[in-house]
$ cat target14.cif   # mmCIF, C-alpha atoms
data_final
#
loop_
_atom_site.label_atom_id
_atom_site.label_comp_id
_atom_site.auth_asym_id
_atom_site.auth_seq_id
_atom_site.Cartn_x
_atom_site.Cartn_y
_atom_site.Cartn_z
CA MET A 1 0.00 0.00 0.00
CA ARG A 2 1.32 3.42 -0.97
CA ILE A 3 0.56 6.51 1.13
CA ARG A 4 1.66 9.98 0.13
CA VAL A 5 1.87 12.83 2.63
CA LEU A 6 1.33 16.20 0.94
CA ASN A 7 2.87 19.38 2.31
CA PRO A 8 0.74 22.12 0.70
CA ASN A 9 3.39 24.78 1.30
CA THR A 10 6.68 25.02 -0.61
CA THR A 11 9.13 24.73 2.32
CA ARG A 12 11.08 21.50 1.88
CA ALA A 13 12.56 21.55 5.38
CA MET A 14 9.05 21.28 6.78
CA THR A 15 8.32 18.36 4.46
CA GLU A 16 11.28 16.52 5.99
CA THR A 17 9.86 17.03 9.50
CA ILE A 18 6.45 15.85 8.32
CA GLU A 19 7.87 12.77 6.60
CA GLN A 20 9.77 11.69 9.71
CA SER A 21 6.60 11.87 11.80
CA ALA A 22 4.58 9.89 9.26
CA LYS A 23 7.22 7.20 8.73
CA ALA A 24 7.57 6.72 12.49
CA VAL A 25 4.03 5.28 12.64
CA ALA A 26 3.71 3.62 9.23
CA GLY A 27 3.24 -0.12 9.55
CA PRO A 28 4.86 -3.04 7.74
CA GLY A 29 4.07 -3.14 4.05
CA ILE A 30 3.36 0.60 3.85
CA LEU A 31 5.37 2.50 1.25
CA LEU A 32 5.23 6.12 2.39
CA ASP A 33 6.72 9.29 1.02
CA ALA A 34 6.16 13.00 1.49
CA VAL A 35 6.14 15.62 -1.24
CA THR A 36 6.42 19.40 -1.23
CA SER A 37 3.99 21.46 -3.30
CA GLU A 38 5.55 22.84 -6.44
CA MET A 39 3.53 26.05 -6.34
CA GLY A 40 2.07 28.24 -3.64
CA PRO A 41 3.12 30.01 -0.44
CA ALA A 42 6.16 29.19 1.71
CA SER A 43 3.82 28.80 4.69
CA ILE A 44 0.05 28.79 5.23
CA GLU A 45 -1.24 31.12 7.93
CA SER A 46 -4.05 33.11 6.32
CA HIS A 47 -7.11 32.50 4.18
CA TYR A 48 -5.17 34.02 1.25
CA ASP A 49 -2.30 31.57 1.75
CA GLU A 50 -4.72 28.67 2.03
CA ALA A 51 -6.54 29.56 -1.18
CA LEU A 52 -3.30 29.85 -3.13
CA SER A 53 -1.98 26.56 -1.76
CA ILE A 54 -4.82 24.51 -3.20
CA PRO A 55 -3.80 24.39 -6.92
CA GLY A 56 -0.39 22.95 -5.99
CA LEU A 57 -2.04 20.44 -3.67
CA LEU A 58 -4.47 19.28 -6.37
CA ALA A 59 -1.65 19.00 -8.91
CA ALA A 60 0.15 16.70 -6.45
CA ILE A 61 -3.00 14.58 -6.05
CA HIS A 62 -3.31 14.30 -9.82
CA ARG A 63 0.30 13.09 -10.12
CA GLY A 64 -0.26 10.66 -7.29
CA GLU A 65 -3.22 9.12 -9.05
CA GLN A 66 -1.10 8.59 -12.15
CA GLU A 67 1.59 6.92 -10.01
CA GLY A 68 -0.82 4.56 -8.26
CA ILE A 69 -0.85 6.14 -4.80
CA ASP A 70 -3.50 4.48 -2.61
CA GLY A 71 -4.15 7.20 -0.01
CA TYR A 72 -3.12 10.70 1.00
CA VAL A 73 -2.52 12.89 4.03
CA ILE A 74 -2.96 16.67 3.73
CA ALA A 75 -0.31 17.97 6.12
CA CYS A 76 -1.61 21.43 6.98
CA PHE A 77 -3.88 22.07 9.95
CA GLY A 78 -6.31 24.13 7.88
CA ASP A 79 -7.01 20.96 5.83
CA PRO A 80 -6.87 23.06 2.64
CA GLY A 81 -8.55 21.68 -0.44
CA LEU A 82 -9.78 18.56 1.36
CA ASP A 83 -13.12 18.26 -0.44
CA ALA A 84 -11.58 18.92 -3.87
CA ALA A 85 -8.81 16.41 -3.16
CA ARG A 86 -11.41 13.79 -2.30
CA GLU A 87 -13.08 14.37 -5.66
CA LEU A 88 -9.80 13.70 -7.49
CA ALA A 89 -8.46 10.77 -5.47
CA GLY A 90 -9.71 7.22 -5.71
CA GLY A 91 -8.54 6.33 -2.21
CA PRO A 92 -8.90 8.00 1.18
CA VAL A 93 -7.69 11.56 1.73
CA ILE A 94 -7.39 12.68 5.36
CA GLY A 95 -6.59 16.13 6.75
CA ILE A 96 -4.43 16.41 9.85
CA ALA A 97 -6.87 18.62 11.76
CA GLU A 98 -9.67 16.16 11.05
CA ALA A 99 -7.60 13.17 12.21
CA ALA A 100 -6.07 14.87 15.25
CA MET A 101 -9.38 16.14 16.63
CA HIS A 102 -11.05 12.76 16.26
CA ALA A 103 -8.11 11.00 17.92
CA ALA A 104 -8.09 13.45 20.84
CA SER A 105 -11.84 13.02 21.34
CA HIS A 106 -11.21 9.37 22.29
CA LEU A 107 -8.82 10.27 25.11
CA GLY A 108 -10.91 12.35 27.50
CA ARG A 109 -13.78 14.78 27.86
CA GLY A 110 -12.11 17.61 26.01
CA PHE A 111 -9.00 18.83 24.23
CA SER A 112 -7.29 22.13 23.51
CA VAL A 113 -5.72 23.11 20.19
CA VAL A 114 -2.41 24.98 20.21
CA THR A 115 -1.77 26.74 16.94
CA THR A 116 0.73 29.26 15.54
CA LEU A 117 -0.65 32.78 15.08
CA SER A 118 -3.87 34.08 16.62
CA ARG A 119 -5.22 34.87 13.15
CA THR A 120 -5.58 31.09 12.58
CA ILE A 121 -7.77 30.52 15.65
CA GLY A 122 -11.02 31.12 13.76
CA ARG A 123 -10.14 28.52 11.14
CA ALA A 124 -9.40 25.89 13.81
CA GLU A 125 -12.71 26.63 15.54
CA GLU A 126 -14.53 26.40 12.21
CA LEU A 127 -13.01 22.99 11.51
CA ALA A 128 -13.94 21.73 14.98
CA GLN A 129 -17.54 22.68 14.17
CA ARG A 130 -17.42 21.05 10.75
CA TYR A 131 -16.05 17.79 12.10
CA GLY A 132 -18.56 17.57 14.94
CA MET A 133 -15.79 18.19 17.48
CA ARG A 134 -17.04 21.46 18.95
CA ARG A 135 -18.30 19.76 22.11
CA PHE A 136 -14.84 18.30 22.71
CA CYS A 137 -12.78 21.36 21.72
CA ARG A 138 -12.49 23.47 24.87
CA GLY A 139 -10.27 26.16 23.41
CA VAL A 140 -7.85 27.19 20.68
CA HIS A 141 -4.67 28.94 21.76
CA ALA A 142 -1.96 30.67 19.72
CA CYS A 143 1.72 30.60 20.64
CA GLU A 144 2.24 33.61 18.32
CA LEU A 145 5.03 31.98 16.36
CA PRO A 146 4.85 32.18 12.57
CA VAL A 147 4.91 28.77 10.92
CA LEU A 148 8.43 29.11 9.55
CA ALA A 149 9.74 30.21 12.97
CA LEU A 150 9.05 26.69 14.22
CA GLU A 151 12.12 25.68 12.20
CA THR A 152 14.32 28.70 12.92
CA ASP A 153 13.52 30.17 16.36
CA PRO A 154 15.75 28.55 19.00
CA ASP A 155 13.05 29.13 21.61
CA ALA A 156 10.25 27.56 19.55
CA ARG A 157 10.06 24.33 21.55
CA LYS A 158 9.93 26.21 24.86
CA ILE A 159 7.28 28.64 23.60
CA VAL A 160 5.01 25.92 22.20
CA THR A 161 5.39 23.76 25.32
CA GLU A 162 4.53 26.64 27.64
CA THR A 163 1.47 27.51 25.53
CA CYS A 164 0.31 23.89 25.76
CA GLN A 165 0.67 23.93 29.54
CA GLU A 166 -1.25 27.20 29.80
CA ALA A 167 -3.99 25.84 27.51
CA VAL A 168 -4.47 22.78 29.74
CA GLU A 169 -4.67 24.92 32.87
CA THR A 170 -7.06 27.43 31.28
CA ASP A 171 -9.41 24.93 29.63
CA GLY A 172 -9.16 21.98 32.00
CA SER A 173 -8.51 19.78 28.99
CA ASP A 174 -7.46 16.14 28.95
CA ALA A 175 -5.37 16.33 25.77
CA ILE A 176 -3.59 18.73 23.42
CA VAL A 177 -3.92 18.85 19.66
CA LEU A 178 -0.94 20.44 17.91
CA GLY A 179 -2.36 22.88 15.40
CA CYS A 180 0.43 22.90 12.81
CA ALA A 181 2.23 20.20 10.82
CA GLY A 182 5.49 21.99 11.62
CA MET A 183 5.01 21.06 15.29
CA ALA A 184 5.14 17.32 14.55
CA ASP A 185 8.65 16.85 15.94
CA LEU A 186 7.68 18.54 19.24
CA CYS A 187 4.96 16.05 20.14
CA GLU A 188 6.94 13.62 22.30
CA HIS A 189 8.77 16.38 24.19
CA ILE A 190 5.55 18.24 25.02
CA ARG A 191 3.85 15.01 26.10
CA ASP A 192 6.69 14.32 28.53
CA GLU A 193 6.62 17.88 29.87
CA ILE A 194 2.89 18.27 30.50
CA GLY A 195 2.07 14.65 31.33
CA LEU A 196 -1.00 14.47 29.09
CA PRO A 197 -1.77 13.04 25.64
CA VAL A 198 -0.48 15.26 22.82
CA ILE A 199 -1.71 14.52 19.32
CA ASP A 200 0.32 15.26 16.21
CA GLY A 201 -2.07 15.33 13.30
CA VAL A 202 0.48 14.04 10.78
CA ALA A 203 0.88 10.77 12.69
CA ALA A 204 -2.86 10.54 13.40
CA ALA A 205 -3.81 11.12 9.76
CA THR A 206 -1.21 8.65 8.50
CA LEU A 207 -2.62 5.94 10.75
CA THR A 208 -6.19 6.81 9.72
CA VAL A 209 -5.35 6.41 6.03
CA GLN A 210 -3.48 3.20 6.79
CA SER A 211 -6.46 1.83 8.72
CA LEU A 212 -8.91 2.59 5.92
CA LEU A 213 -6.65 0.94 3.36
CA THR A 214 -6.25 -2.11 5.61
CA LEU A 215 -10.04 -2.34 5.79
CA GLY A 216 -10.06 -2.42 1.99
CA VAL A 217 -12.31 0.61 1.59
CA ARG A 218 -12.02 3.49 -0.83
CA LYS A 219 -13.91 6.74 -1.18
CA SER A 220 -17.50 6.88 -2.28
CA GLY A 221 -17.50 7.58 -5.99
CA ARG A 222 -21.05 8.86 -6.17
CA GLY A 223 -22.64 12.26 -5.80
CA GLU A 224 -20.60 15.11 -4.44
CA PHE A 225 -17.32 13.19 -4.33
CA ALA A 226 -17.53 11.71 -7.81
CA THR A 227 -14.73 12.68 -10.19
CA PRO A 228 -15.34 16.32 -11.20
CA PRO A 229 -16.65 16.93 -14.73
CA THR A 230 -14.02 17.62 -17.38
CA LYS A 231 -13.90 21.17 -18.68
CA ARG A 232 -11.51 23.81 -19.95
CA TYR A 233 -9.67 26.10 -17.53
CA SER A 234 -7.97 29.32 -18.57
CA GLY A 235 -4.98 31.43 -17.68
CA LEU A 236 -2.67 30.17 -14.94
CA LEU A 237 -5.00 27.19 -14.38
CA SER A 238 -5.05 26.02 -18.01
CA SER A 239 -3.09 22.86 -17.16
CA PHE A 240 -5.89 21.74 -14.81
CA GLY A 241 -8.42 21.37 -17.63
CA ALA A 242 -9.09 18.74 -20.25
#
$ encode --input "target14.cif" --output "structure tokens"
Amino acid sequence: MRIRVLNPNTTRAMTETIEQSAKAVAGPGILLDAVTSEMGPASIESHYDEALSIPGLLAAIHRGEQEGIDGYVIACFGDPGLDAARELAGGPVIGIAEAAMHAASHLGRGFSVVTTLSRTIGRAEELAQRYGMRRFCRGVHACELPVLALETDPDARKIVTETCQEAVETDGSDAIVLGCAGMADLCEHIRDEIGLPVIDGVAAATLTVQSLLTLGVRKSGRGEFATPPTKRYSGLLSSFGA
């Protein structure tokens, strides 16, 4: 079984972090790789960034289908382009926010999300509502680190860990959901520091895709998630058409 983890931004160093997290949980017989989007923003931390990341993500899904990839992980906590990706792919496509929130809901009465910048809080809350997780999500907290600073700021681990501890104390939560794929390598450290479950969405989504493939199920090919109708696209999107 082949699983591809898609980094919708164009920062290759972050793809390496993501790939390590995914490979750490991939089971025997799973061939897993991670790819970096070939077009779009260097990081995704606004609605504008998210919108412009989606063409590169969909191009990667299209290539994956040609290469025989069985399932995909979208490794950005905004789960950009998830519905469109599910239209294109024959197998399961799972977003890391979706997977992380569901995993955390099994571990206690409530969880807190710790994200990057405060401007992304609304998106995380919106996704919790969409996924039926609002009753479990007790709060969304920003550590006020830009996404790329997770790789470059020497204090990033300390700042994220302290924000997680404060979130637990404020919300009375039983678990933490890390609200950025770039935090994947901090998961074990934070878990040891705060003494509670900490969910990295990359690992959770990888295992979700793996489980669905093991069950032998694929996406529903009817209705809304059927392959989109072929048509002509113009301008910068001309390569996406017939």
$ resolve_selection --input "target14.cif" --expression "the PyMOL selection byres ((chain A and resi 53-64) around 6)" --output "VMD selection string"
chain A and resid 8 37 to 40 50 to 52 65 to 67 69 81
$ atom_distance --input "target14.cif" --atom1 "CA of Arg138 in chain A" --atom2 "CA of Ser211 in chain A"
27.7 Å
$ residues_near_point --input "target14.cif" --point "(-4.2, 17.3, 16.9)" --cutoff "8 Å" --atoms "all atoms listed in the file" --output "list of chain:residue names"
A:Ile96, A:Ala97, A:Ala99, A:Ala100, A:Met101, A:Ala103, A:Ala104, A:Val113, A:Ile176, A:Val177, A:Leu178, A:Gly179, A:Val198, A:Ile199, A:Asp200, A:Gly201, A:Ala204
$ resolve_selection --input "target14.cif" --expression "the PyMOL selection byres ((chain A and resi 208) around 10)" --output "PyMOL selection string"
chain A and resi 71+73+92-96+99-100+103+202-207+209-214
$ resolve_selection --input "target14.cif" --expression "the PyMOL selection byres ((chain A and resi 18-22) around 7)" --output "list in words"
Met14, Thr15, Glu16, Thr17, Lys23, Ala24, Val25, Ala26, Asp33, Ala34, Ala181, Ala184, Asp185, Val202, Ala203 and Thr206 of chain A
$ write_last_selection --input "target14.cif" --atoms "C-alpha atoms" --output "tab-separated table (two decimals), keeping the file's coordinate frame"
chain	number	residue	atom	x	y	z
A	14	MET	CA	9.05	21.28	6.78
A	15	THR	CA	8.32	18.36	4.46
A	16	GLU	CA	11.28	16.52	5.99
A	17	THR	CA	9.86	17.03	9.50
A	23	LYS	CA	7.22	7.20	8.73
A	24	ALA	CA	7.57	6.72	12.49
A	25	VAL	CA	4.03	5.28	12.64
A	26	ALA	CA	3.71	3.62	9.23
A	33	ASP	CA	6.72	9.29	1.02
A	34	ALA	CA	6.16	13.00	1.49
A	181	ALA	CA	2.23	20.20	10.82
A	184	ALA	CA	5.14	17.32	14.55
A	185	ASP	CA	8.65	16.85	15.94
A	202	VAL	CA	0.48	14.04	10.78
A	203	ALA	CA	0.88	10.77	12.69
A	206	THR	CA	-1.21	8.65	8.50
$ residues_around --input "target14.cif" --residues "range 85-88 of chain A" --least-positions-apart "5" --cutoff "6 Å" --atoms "all atoms listed in the file" --output "number ranges by chain"
A: 93, 225-227
$ closest_residue --input "target14.cif" --among "A:Met133, A:Cys180, A:Ile74, A:Ala89" --to "Leu117 in chain A" --atoms "only C-alpha atoms"
A:Cys180
$ atom_distance --input "target14.cif" --atom1 "CA of Ile44 in chain A" --atom2 "CA of Cys76 in chain A"
7.7 Å
$ closest_residue --input "target14.cif" --among "A:Lys219, A:Arg119, A:Arg232, A:Arg4" --to "Gly90 in chain A" --atoms "all atoms listed in the file"
A:Lys219
$ closest_residue --input "target14.cif" --among "A:Phe111, A:Phe77, A:Tyr72, A:Tyr48" --to "Gly182 in chain A" --atoms "all atoms listed in the file"
A:Phe77
$ closest_residue --input "target14.cif" --among "A:Thr161, A:Ser239, A:Ser46, A:Thr170" --to "Ser118 in chain A" --atoms "all atoms listed in the file"
A:Ser46
$ closest_residue --input "target14.cif" --among "A:Leu6, A:Cys143, A:Leu215, A:Val114" --to "Cys187 in chain A" --atoms "all atoms listed in the file"
A:Val114
$ atom_distance --input "target14.cif" --atom1 "CA of Asp174 in chain A" --atom2 "CA of Gly110 in chain A"
5.7 Å
$ closest_residue --input "target14.cif" --among "A:Thr116, A:Leu107, A:Gly221, A:Arg135" --to "Leu196 in chain A" --atoms "all atoms listed in the file"
A:Leu107
